[in-house]
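Note: the block below is upload-v8.json and it holds JSON, C-alpha atoms.
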[["chain", "number", "residue", "atom", "x", "y", "z"],
["A", 568, "MET", "CA", 10.85, 4.74, -19.92],
["A", 569, "GLY", "CA", 12.53, 4.93, -23.21],
["A", 570, "HIS", "CA", 15.35, 2.67, -21.99],
["A", 571, "ASP", "CA", 15.18, -0.98, -22.92],
["A", 572, "HIS", "CA", 15.48, -3.22, -19.88],
["A", 573, "GLY", "CA", 15.35, -6.41, -21.93],
["A", 574, "ASN", "CA", 12.71, -9.02, -21.30],
["A", 575, "VAL", "CA", 11.50, -8.12, -17.82],
["A", 576, "ILE", "CA", 8.25, -10.11, -17.99],
["A", 577, "PRO", "CA", 9.65, -13.10, -16.03],
["A", 578, "ALA", "CA", 10.79, -10.67, -13.30],
["A", 579, "TYR", "CA", 7.36, -9.01, -13.28],
["A", 580, "MET", "CA", 5.61, -12.36, -12.95],
["A", 581, "LYS", "CA", 7.95, -13.43, -10.15],
["A", 582, "VAL", "CA", 7.21, -10.21, -8.25],
["A", 583, "PHE", "CA", 3.48, -10.59, -8.85],
["A", 584, "PHE", "CA", 3.34, -14.13, -7.45],
["A", 585, "THR", "CA", 5.68, -13.19, -4.59],
["A", 586, "LEU", "CA", 3.39, -10.30, -3.66],
["A", 587, "CYS", "CA", 0.33, -12.58, -3.71],
["A", 588, "ALA", "CA", 2.09, -15.20, -1.58],
["A", 589, "MET", "CA", 3.38, -12.58, 0.86],
["A", 590, "THR", "CA", -0.10, -11.09, 1.19],
["A", 591, "LEU", "CA", -1.48, -14.49, 2.19],
["A", 592, "LEU", "CA", 1.44, -14.90, 4.58],
["A", 593, "THR", "CA", 0.63, -11.53, 6.18],
["A", 594, "VAL", "CA", -2.96, -12.63, 6.79],
["A", 595, "ALA", "CA", -1.78, -15.98, 8.15],
["A", 596, "ALA", "CA", 0.75, -14.29, 10.45],
["A", 597, "ALA", "CA", -1.93, -11.97, 11.79],
["A", 598, "LYS", "CA", -4.89, -14.33, 12.05],
["A", 599, "LEU", "CA", -3.54, -17.85, 12.49],
["A", 600, "VAL", "CA", -0.15, -17.64, 14.19],
["A", 601, "HIS", "CA", 0.05, -16.48, 17.80],
["A", 602, "PHE", "CA", 3.64, -15.99, 18.85],
["A", 603, "PRO", "CA", 4.53, -16.77, 22.48],
["A", 604, "ASP", "CA", 6.03, -14.05, 24.66],
["A", 605, "VAL", "CA", 9.81, -13.77, 24.31],
["A", 606, "GLY", "CA", 11.28, -12.23, 27.45],
["A", 607, "PHE", "CA", 9.72, -8.82, 27.98],
["A", 608, "ILE", "CA", 8.42, -8.68, 24.39],
["A", 609, "HIS", "CA", 4.78, -9.68, 24.10],
["A", 610, "GLY", "CA", 3.83, -12.25, 21.50],
["A", 611, "TYR", "CA", 1.37, -9.95, 19.73],
["A", 612, "VAL", "CA", 4.14, -7.41, 19.20],
["A", 613, "LEU", "CA", 5.96, -10.10, 17.25],
["A", 614, "ASN", "CA", 2.80, -10.61, 15.19],
["A", 615, "ILE", "CA", 2.80, -6.91, 14.31],
["A", 616, "THR", "CA", 6.52, -6.91, 13.56],
["A", 617, "VAL", "CA", 6.27, -9.92, 11.27],
["A", 618, "GLY", "CA", 3.33, -8.32, 9.43],
["A", 619, "LEU", "CA", 5.26, -5.07, 8.95],
["A", 620, "ALA", "CA", 8.44, -6.89, 7.91],
["A", 621, "ILE", "CA", 6.49, -8.70, 5.20],
["A", 622, "ALA", "CA", 4.99, -5.37, 4.10],
["A", 623, "VAL", "CA", 8.49, -3.86, 3.86],
["A", 624, "PHE", "CA", 9.65, -6.80, 1.75],
["A", 625, "LYS", "CA", 6.67, -6.35, -0.58],
["A", 626, "VAL", "CA", 7.36, -2.63, -0.89],
["A", 627, "ILE", "CA", 11.00, -3.28, -1.83],
["A", 628, "CYS", "CA", 9.89, -5.78, -4.50],
["A", 629, "VAL", "CA", 7.48, -3.26, -6.03],
["A", 630, "MET", "CA", 9.98, -0.37, -5.92],
["A", 631, "TYR", "CA", 12.88, -2.32, -7.39],
["A", 632, "ILE", "CA", 11.10, -4.18, -10.17],
["A", 633, "PHE", "CA", 7.74, -2.54, -10.97],
["A", 634, "MET", "CA", 9.04, 0.99, -10.36],
["A", 635, "HIS", "CA", 12.33, 0.17, -12.13],
["A", 636, "LEU", "CA", 14.69, 1.32, -9.36],
["A", 637, "LYS", "CA", 16.81, -1.72, -10.13],
["A", 638, "PHE", "CA", 17.28, -0.58, -13.72],
["A", 639, "ASP", "CA", 17.37, 3.19, -13.25],
["A", 640, "ASN", "CA", 20.18, 5.54, -12.41],
["A", 641, "PRO", "CA", 21.47, 4.84, -8.86],
["A", 642, "TYR", "CA", 21.06, 8.56, -8.03],
["A", 643, "LEU", "CA", 17.34, 7.96, -8.02],
["A", 644, "ARG", "CA", 17.66, 5.30, -5.34],
["A", 645, "PHE", "CA", 19.31, 7.69, -2.88],
["A", 646, "PHE", "CA", 16.60, 10.21, -3.56],
["A", 647, "VAL", "CA", 13.99, 7.64, -2.56],
["A", 648, "TYR", "CA", 15.80, 5.98, 0.36],
["A", 649, "VAL", "CA", 15.50, 8.93, 2.77],
["A", 650, "PRO", "CA", 11.70, 9.23, 3.03],
["A", 651, "VAL", "CA", 11.29, 5.47, 2.82],
["A", 652, "PHE", "CA", 13.75, 5.03, 5.68],
["A", 653, "LEU", "CA", 11.92, 7.62, 7.80],
["A", 654, "PHE", "CA", 8.62, 5.92, 7.06],
["A", 655, "PHE", "CA", 9.93, 2.54, 8.17],
["A", 656, "VAL", "CA", 11.58, 3.93, 11.31],
["A", 657, "LEU", "CA", 8.36, 5.61, 12.35],
["A", 658, "THR", "CA", 6.16, 2.63, 11.65],
["A", 659, "PHE", "CA", 8.44, 0.06, 13.24],
["A", 660, "GLY", "CA", 9.57, 2.27, 16.11],
["A", 661, "LEU", "CA", 6.11, 3.25, 17.24],
["A", 662, "ASN", "CA", 4.82, -0.29, 17.03],
["A", 663, "LEU", "CA", 7.68, -1.69, 19.05],
["A", 664, "GLU", "CA", 7.29, 1.09, 21.60],
["A", 665, "PHE", "CA", 3.72, -0.07, 22.00],
["A", 666, "GLY", "CA", 4.91, -3.43, 23.26],
["A", 667, "ALA", "CA", 6.59, -1.76, 26.21],
["A", 668, "ALA", "CA", 3.75, 0.67, 26.99],
["A", 669, "PRO", "CA", 2.57, -0.25, 30.50],
["A", 670, "SER", "CA", -0.73, 1.62, 30.16],
["A", 671, "ASN", "CA", -1.87, -0.83, 27.49],
["A", 672, "ASP", "CA", -0.43, -3.91, 29.03],
["A", 673, "HIS", "CA", -3.34, -4.85, 31.25],
["A", 674, "VAL", "CA", -6.01, -4.13, 28.64],
["A", 675, "THR", "CA", -4.19, -5.94, 25.87],
["A", 676, "ARG", "CA", -3.37, -8.94, 27.99],
["A", 677, "THR", "CA", -6.96, -9.25, 29.22],
["A", 678, "VAL", "CA", -8.42, -9.02, 25.71],
["A", 679, "HIS", "CA", -5.77, -11.31, 24.29],
["A", 680, "GLN", "CA", -6.34, -13.83, 27.06],
["A", 681, "GLN", "CA", -10.06, -13.91, 26.30],
["A", 682, "LEU", "CA", -9.41, -14.49, 22.62],
["A", 683, "TYR", "CA", -6.55, -16.98, 22.90],
["A", 684, "PRO", "CA", -6.71, -18.67, 26.31],
["A", 685, "GLY", "CA", -4.31, -21.37, 25.12],
["A", 686, "ASP", "CA", -1.50, -18.83, 24.82],
["A", 687, "HIS", "CA", -1.80, -17.83, 28.48],
["A", 688, "LYS", "CA", -1.24, -20.87, 30.60],
["A", 689, "ALA", "CA", -1.51, -20.78, 34.40],
["A", 690, "GLY", "CA", 1.41, -19.05, 36.05],
["A", 691, "HIS", "CA", 2.25, -16.86, 33.02],
["B", 806, "MET", "CA", -0.59, 16.10, -15.86],
["B", 807, "SER", "CA", 0.74, 14.54, -19.02],
["B", 808, "ALA", "CA", 0.50, 17.79, -20.99],
["B", 809, "ALA", "CA", 2.86, 19.55, -18.58],
["B", 810, "LEU", "CA", 5.35, 16.71, -18.37],
["B", 811, "ASN", "CA", 8.86, 17.72, -19.41],
["B", 812, "LEU", "CA", 10.57, 14.89, -21.25],
["B", 813, "ASN", "CA", 14.01, 16.53, -21.28],
["B", 814, "HIS", "CA", 16.77, 14.82, -19.31],
["B", 815, "GLU", "CA", 18.64, 16.34, -16.43],
["B", 816, "PRO", "CA", 22.30, 16.46, -17.62],
["B", 817, "VAL", "CA", 23.95, 14.72, -14.64],
["B", 818, "THR", "CA", 21.51, 11.99, -13.68],
["B", 819, "LYS", "CA", 20.11, 11.38, -17.20],
["B", 820, "ILE", "CA", 16.71, 10.97, -15.63],
["B", 821, "ALA", "CA", 13.75, 12.57, -17.39],
["B", 822, "ASN", "CA", 12.74, 15.75, -15.57],
["B", 823, "GLY", "CA", 9.10, 14.73, -15.43],
["B", 824, "LYS", "CA", 10.01, 11.41, -13.89],
["B", 825, "LEU", "CA", 12.28, 13.05, -11.33],
["B", 826, "ALA", "CA", 9.46, 15.44, -10.47],
["B", 827, "MET", "CA", 7.14, 12.49, -9.97],
["B", 828, "TRP", "CA", 9.62, 10.87, -7.56],
["B", 829, "ALA", "CA", 9.81, 14.17, -5.62],
["B", 830, "PHE", "CA", 6.02, 14.28, -5.53],
["B", 831, "LEU", "CA", 5.84, 10.67, -4.33],
["B", 832, "ALA", "CA", 8.38, 11.42, -1.59],
["B", 833, "SER", "CA", 6.12, 14.22, -0.36],
["B", 834, "GLU", "CA", 3.12, 11.89, -0.61],
["B", 835, "LEU", "CA", 4.96, 9.34, 1.49],
["B", 836, "MET", "CA", 5.44, 11.95, 4.21],
["B", 837, "PHE", "CA", 1.77, 12.86, 3.93],
["B", 838, "PHE", "CA", 0.73, 9.28, 4.66],
["B", 839, "THR", "CA", 3.47, 8.91, 7.30],
["B", 840, "GLY", "CA", 1.73, 11.65, 9.27],
["B", 841, "PHE", "CA", -1.46, 9.61, 9.27],
["B", 842, "PHE", "CA", 0.33, 6.41, 10.22],
["B", 843, "GLY", "CA", 2.27, 8.06, 13.04],
["B", 844, "THR", "CA", -0.81, 9.71, 14.50],
["B", 845, "PHE", "CA", -2.80, 6.53, 14.11],
["B", 846, "ILE", "CA", -0.24, 4.48, 16.02],
["B", 847, "VAL", "CA", 0.14, 7.01, 18.85],
["B", 848, "LEU", "CA", -3.61, 7.38, 19.34],
["B", 849, "ARG", "CA", -4.09, 3.64, 19.04],
["B", 850, "ASN", "CA", -1.64, 3.11, 21.88],
["B", 851, "THR", "CA", -3.50, 5.52, 24.14],
["B", 852, "ASN", "CA", -7.00, 4.30, 23.19],
["B", 853, "TYR", "CA", -6.23, 0.67, 22.72],
["B", 854, "GLN", "CA", -9.49, -0.87, 23.91],
["B", 855, "ALA", "CA", -11.67, 1.44, 21.78],
["B", 856, "PHE", "CA", -9.50, 0.81, 18.71],
["B", 857, "PHE", "CA", -9.47, -2.90, 19.39],
["B", 858, "GLU", "CA", -13.27, -3.14, 19.60],
["B", 859, "ALA", "CA", -13.88, -0.89, 16.61],
["B", 860, "SER", "CA", -11.38, -2.72, 14.41],
["B", 861, "HIS", "CA", -13.26, -5.99, 14.76],
["B", 862, "HIS", "CA", -16.11, -4.59, 12.66],
["B", 863, "LEU", "CA", -13.83, -4.25, 9.63],
["B", 864, "SER", "CA", -14.00, -6.83, 6.88],
["B", 865, "TRP", "CA", -10.47, -8.07, 6.26],
["B", 866, "PRO", "CA", -11.56, -10.52, 3.49],
["B", 867, "LEU", "CA", -12.85, -7.57, 1.44],
["B", 868, "ALA", "CA", -9.59, -5.72, 2.10],
["B", 869, "LEU", "CA", -7.67, -8.84, 1.07],
["B", 870, "LEU", "CA", -9.64, -8.94, -2.18],
["B", 871, "ASN", "CA", -8.76, -5.29, -2.78],
["B", 872, "THR", "CA", -5.09, -6.06, -2.10],
["B", 873, "PHE", "CA", -5.10, -8.71, -4.83],
["B", 874, "ILE", "CA", -6.89, -6.32, -7.19],
["B", 875, "LEU", "CA", -4.27, -3.61, -6.64],
["B", 876, "ILE", "CA", -1.36, -6.02, -7.00],
["B", 877, "GLY", "CA", -2.88, -7.27, -10.26],
["B", 878, "SER", "CA", -3.37, -3.73, -11.54],
["B", 879, "SER", "CA", 0.24, -2.91, -10.68],
["B", 880, "LEU", "CA", 1.32, -5.86, -12.84],
["B", 881, "THR", "CA", -0.91, -4.82, -15.74],
["B", 882, "MET", "CA", 0.42, -1.26, -15.53],
["B", 883, "ALA", "CA", 4.00, -2.53, -15.73],
["B", 884, "LEU", "CA", 3.04, -4.74, -18.69],
["B", 885, "ALA", "CA", 1.33, -1.78, -20.41],
["B", 886, "ILE", "CA", 4.57, 0.22, -20.23],
["B", 887, "TYR", "CA", 6.59, -2.77, -21.42],
["B", 888, "ASN", "CA", 4.36, -3.21, -24.47],
["B", 889, "LEU", "CA", 4.28, 0.50, -25.30],
["B", 890, "GLU", "CA", 8.08, 0.60, -25.30],
["B", 891, "ARG", "CA", 8.01, -2.22, -27.86],
["B", 892, "LYS", "CA", 5.26, -0.56, -29.87],
["B", 893, "ASN", "CA", 2.81, -3.39, -29.21],
["B", 894, "ASN", "CA", 0.05, -0.83, -29.19],
["B", 895, "GLY", "CA", -2.85, -3.27, -29.00],
["B", 896, "MET", "CA", -1.37, -4.96, -25.96],
["B", 897, "PHE", "CA", -0.65, -1.56, -24.41],
["B", 898, "GLN", "CA", -4.32, -0.66, -24.73],
["B", 899, "THR", "CA", -5.40, -4.03, -23.32],
["B", 900, "TYR", "CA", -3.17, -3.81, -20.27],
["B", 901, "LEU", "CA", -3.95, -0.15, -19.60],
["B", 902, "GLY", "CA", -7.66, -1.00, -19.91],
["B", 903, "LEU", "CA", -7.19, -3.85, -17.42],
["B", 904, "THR", "CA", -5.43, -1.47, -15.02],
["B", 905, "ILE", "CA", -8.38, 0.93, -15.18],
["B", 906, "LEU", "CA", -10.73, -2.02, -14.68],
["B", 907, "GLY", "CA", -8.74, -3.02, -11.60],
["B", 908, "ALA", "CA", -9.07, 0.51, -10.25],
["B", 909, "PHE", "CA", -12.84, 0.36, -10.82],
["B", 910, "GLY", "CA", -12.97, -3.00, -9.09],
["B", 911, "PHE", "CA", -11.12, -1.59, -6.10],
["B", 912, "LEU", "CA", -13.58, 1.29, -5.80],
["B", 913, "ILE", "CA", -16.59, -1.02, -6.14],
["B", 914, "VAL", "CA", -15.34, -3.22, -3.30],
["B", 915, "LYS", "CA", -14.65, -0.07, -1.29],
["B", 916, "TYR", "CA", -18.22, 1.12, -1.99],
["B", 917, "PHE", "CA", -19.65, -2.10, -0.52],
["B", 918, "GLU", "CA", -17.30, -1.84, 2.45],
["B", 919, "TYR", "CA", -18.27, 1.78, 3.17],
["B", 920, "GLY", "CA", -21.95, 0.95, 2.62],
["B", 921, "ALA", "CA", -21.84, -1.82, 5.23],
["B", 922, "LYS", "CA", -20.17, 0.50, 7.73],
["B", 923, "TRP", "CA", -22.72, 3.20, 7.12],
["B", 924, "GLN", "CA", -25.64, 0.77, 7.57],
["B", 925, "ASP", "CA", -24.18, -0.51, 10.83],
["B", 926, "GLY", "CA", -23.74, 3.03, 12.11],
["B", 927, "LEU", "CA", -19.96, 2.70, 12.15],
["B", 928, "PHE", "CA", -18.74, 6.14, 11.30],
["B", 929, "PRO", "CA", -17.24, 9.15, 13.11],
["B", 930, "GLY", "CA", -19.64, 10.63, 15.64],
["B", 931, "GLN", "CA", -20.72, 7.31, 17.08],
["B", 932, "GLU", "CA", -19.93, 6.48, 20.67],
["B", 933, "ASN", "CA", -16.65, 4.60, 21.21],
["B", 934, "HIS", "CA", -15.95, 4.39, 17.50],
["B", 935, "THR", "CA", -15.30, 8.02, 16.58],
["B", 936, "LEU", "CA", -11.53, 7.99, 16.77],
["B", 937, "PHE", "CA", -10.91, 4.70, 15.01],
["B", 938, "TYR", "CA", -13.40, 5.32, 12.24],
["B", 939, "SER", "CA", -12.09, 8.85, 11.72],
["B", 940, "PHE", "CA", -8.76, 7.24, 10.87],
["B", 941, "TYR", "CA", -10.37, 4.45, 8.89],
["B", 942, "PHE", "CA", -12.33, 6.83, 6.65],
["B", 943, "ILE", "CA", -9.52, 9.40, 6.34],
["B", 944, "MET", "CA", -6.79, 6.88, 5.48],
["B", 945, "THR", "CA", -8.83, 4.68, 3.17],
["B", 946, "GLY", "CA", -10.69, 7.71, 1.80],
["B", 947, "PHE", "CA", -7.49, 9.53, 0.86],
["B", 948, "HIS", "CA", -6.20, 6.32, -0.65],
["B", 949, "ALA", "CA", -9.40, 5.94, -2.69],
["B", 950, "LEU", "CA", -9.01, 9.55, -3.84],
["B", 951, "HIS", "CA", -5.52, 8.65, -5.06],
["B", 952, "VAL", "CA", -7.02, 5.73, -6.98],
["B", 953, "ILE", "CA", -9.52, 8.06, -8.64],
["B", 954, "ALA", "CA", -6.77, 10.59, -9.36],
["B", 955, "GLY", "CA", -4.80, 7.84, -11.11],
["B", 956, "MET", "CA", -7.78, 6.65, -13.15],
["B", 957, "ILE", "CA", -8.35, 10.06, -14.77],
["B", 958, "PRO", "CA", -5.02, 10.35, -16.67],
["B", 959, "MET", "CA", -5.08, 6.61, -17.39],
["B", 960, "GLY", "CA", -8.53, 6.95, -18.98],
["B", 961, "PHE", "CA", -7.35, 10.01, -20.88],
["B", 962, "MET", "CA", -4.28, 8.16, -22.23],
["B", 963, "LEU", "CA", -6.36, 5.14, -23.18],
["B", 964, "MET", "CA", -8.96, 7.20, -25.04],
["B", 965, "LYS", "CA", -6.27, 9.22, -26.80],
["B", 966, "SER", "CA", -4.53, 6.03, -27.90],
["B", 967, "PHE", "CA", -7.54, 5.17, -30.06],
["B", 968, "THR", "CA", -7.10, 8.35, -32.08],
["B", 969, "LYS", "CA", -4.66, 8.69, -34.97],
["B", 970, "ASN", "CA", -1.06, 8.97, -33.67],
["B", 971, "GLY", "CA", -2.50, 9.21, -30.21],
["B", 972, "TYR", "CA", -0.10, 6.93, -28.40],
["B", 973, "PRO", "CA", 1.58, 8.63, -25.45],
["B", 974, "HIS", "CA", 5.33, 8.79, -25.03],
["B", 975, "PRO", "CA", 6.51, 5.78, -22.93],
["B", 976, "VAL", "CA", 8.10, 8.12, -20.36],
["B", 977, "LYS", "CA", 4.72, 9.73, -19.73],
["B", 978, "VAL", "CA", 3.11, 6.35, -19.13],
["B", 979, "GLU", "CA", 6.00, 5.23, -16.95],
["B", 980, "THR", "CA", 5.69, 8.40, -14.88],
["B", 981, "LEU", "CA", 2.00, 7.69, -14.42],
["B", 982, "GLY", "CA", 2.96, 4.08, -13.64],
["B", 983, "LEU", "CA", 5.18, 5.29, -10.79],
["B", 984, "TYR", "CA", 2.19, 7.01, -9.28],
["B", 985, "TRP", "CA", 0.03, 3.92, -9.71],
["B", 986, "HIS", "CA", 2.61, 1.66, -8.05],
["B", 987, "PHE", "CA", 2.80, 4.15, -5.18],
["B", 988, "VAL", "CA", -0.98, 3.77, -4.67],
["B", 989, "ASP", "CA", -0.34, 0.03, -4.41],
["B", 990, "LEU", "CA", 2.54, 0.60, -1.95],
["B", 991, "MET", "CA", 0.39, 2.66, 0.38],
["B", 992, "TRP", "CA", -2.30, -0.01, 0.40],
["B", 993, "ILE", "CA", 0.35, -2.61, 1.32],
["B", 994, "PHE", "CA", 0.79, -0.67, 4.60],
["B", 995, "ILE", "CA", -2.82, 0.40, 5.15],
["B", 996, "PHE", "CA", -4.06, -3.18, 4.86],
["B", 997, "PRO", "CA", -2.15, -4.65, 7.84],
["B", 998, "ALA", "CA", -2.27, -1.41, 9.86],
["B", 999, "LEU", "CA", -6.05, -1.10, 9.85],
["B", 1000, "TYR", "CA", -7.33, -4.60, 9.21],
["B", 1001, "LEU", "CA", -4.79, -7.02, 10.67],
["B", 1002, "ILE", "CA", -2.72, -5.34, 13.34],
["B", 1003, "PHE", "CA", -5.11, -6.02, 16.21],
["B", 1004, "PRO", "CA", -4.82, -9.43, 17.87]]
Rewrite the structure of this file - the entire thing - as structure tokens.
Amino acid sequence: MGHDHGNVIPAYMKVFFTLCAMTLLTVAAAKLVHFPDVGFIHGYVLNITVGLAIAVFKVICVMYIFMHLKFDNPYLRFFVYVPVFLFFVLTFGLNLEFGAAPSNDHVTRTVHQQLYPGDHKAGH
Amino acid sequence: MSAALNLNHEPVTKIANGKLAMWAFLASELMFFTGFFGTFIVLRNTNYQAFFEASHHLSWPLALLNTFILIGSSLTMALAIYNLERKNNGMFQTYLGLTILGAFGFLIVKYFEYGAKWQDGLFPGQENHTLFYSFYFIMTGFHALHVIAGMIPMGFMLMKSFTKNGYPHPVKVETLGLYWHFVDLMWIFIFPALYLIFP
């Protein structure tokens, strides 16, 4: 950008490997791990939340290091925070709302039970 | 895009005007995709069974491969800018070339993915799958269009760099880099939302 940020290659490599690892973790969280129900929150809602939380972490890594927000003028960060915040609120909020949507509860539970019978023991 | 880029600096923030304009553009792009995500989630909640069944025909391993390709191309783009700033012009060309190659790779994988869907009759207009595949093709299609839109100025900059004194100003490449990283960012959300979010 015309400014010299010093030797940023180690930071770039760290972000790259973190992104790769987090991507694998996202897949593992979605395909391998099946969270149990916690109170009124269904386990699969936790799966979605974990997946989105990892995505948010990856986005922050890319924005701060690859897109140079860490090195740039702080004014720029405020300019970016607003739409990013709205995006996260919408994505998280709507997905969490889904967990409490009674119209989907029966369908989701039935399908989920067929796929992962071990997660739904008798009496649950 | 690069020809119209203003390299002057805004007096208060000291940020290049072209770069600031790119951030404003990316903010509007974010809202553009947010509309898709919001609508997708609401309709998914009201048509859960249809979305659930349709989503199981998607190939998440291919999407995972594309995720790695985009992450790699984001790294090479950042390294291209780094080398251009240090006047390592050969390395700049190599890394920019690798970024374009990554973009090509992404589109090739996407071609195979779309081809498989088309052969299996999984596209809008088919019974039970219309809504989900409308979103699938619109969201991934718009994303692929963004990839193509990024490849054009990258190819132009790379070709120009082989001419005499043809190296672009680092701010121009960094501004283009912002766009390219944004394409990566959107895929980071599209990947779990479409391919992984269903139990």
Residues of chain B no more than 7 Å from chain A, counting all atoms listed in the file: send them over as a list in words.
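My answer is Thr818, Ala832, Leu835, Met836, Thr839, Gly843, Ile846, Asn850, Tyr853, Gln854, Phe873, Ile876, Leu880, Ala883, Glu890, Pro975, Val976, Glu979, Leu983, His986, Leu990, Ile993, Phe994, Pro997, Leu1001, Ile1002 and Pro1004 of chain B.
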Could you jot down the atom CA of B:Phe942 to atom CA of B:Gly926 separation for me, Å, one decimal place?
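Atom-to-atom, atom CA of B:Phe942 to atom CA of B:Gly926, that is 13.2 Å.
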I'd like the contact shell of B:Met959 - 10 Å cut-off, only C-alpha atoms, skipping same-chain residues fewer than 3 positions apart - returned as a ChimeraX atom specification.
/B:807,882,901-902,904-905,953-956,962-965,978,981-982,985
Interatomic distance, atom CA of B:Thr844 to atom CA of A:Pro603 (Å, one decimal)
28.2 Å
What gap, in Å, lies between atom CA of B:Ile913 and atom CA of B:Pro929?
21.8 Å
Residues around (-18.2, 3.2, 5.9), cut-off 10 Å, counting only C-alpha atoms - what are they as a PyMOL selection string?
chain B and resi 863+915-929+938+941-942+945-946
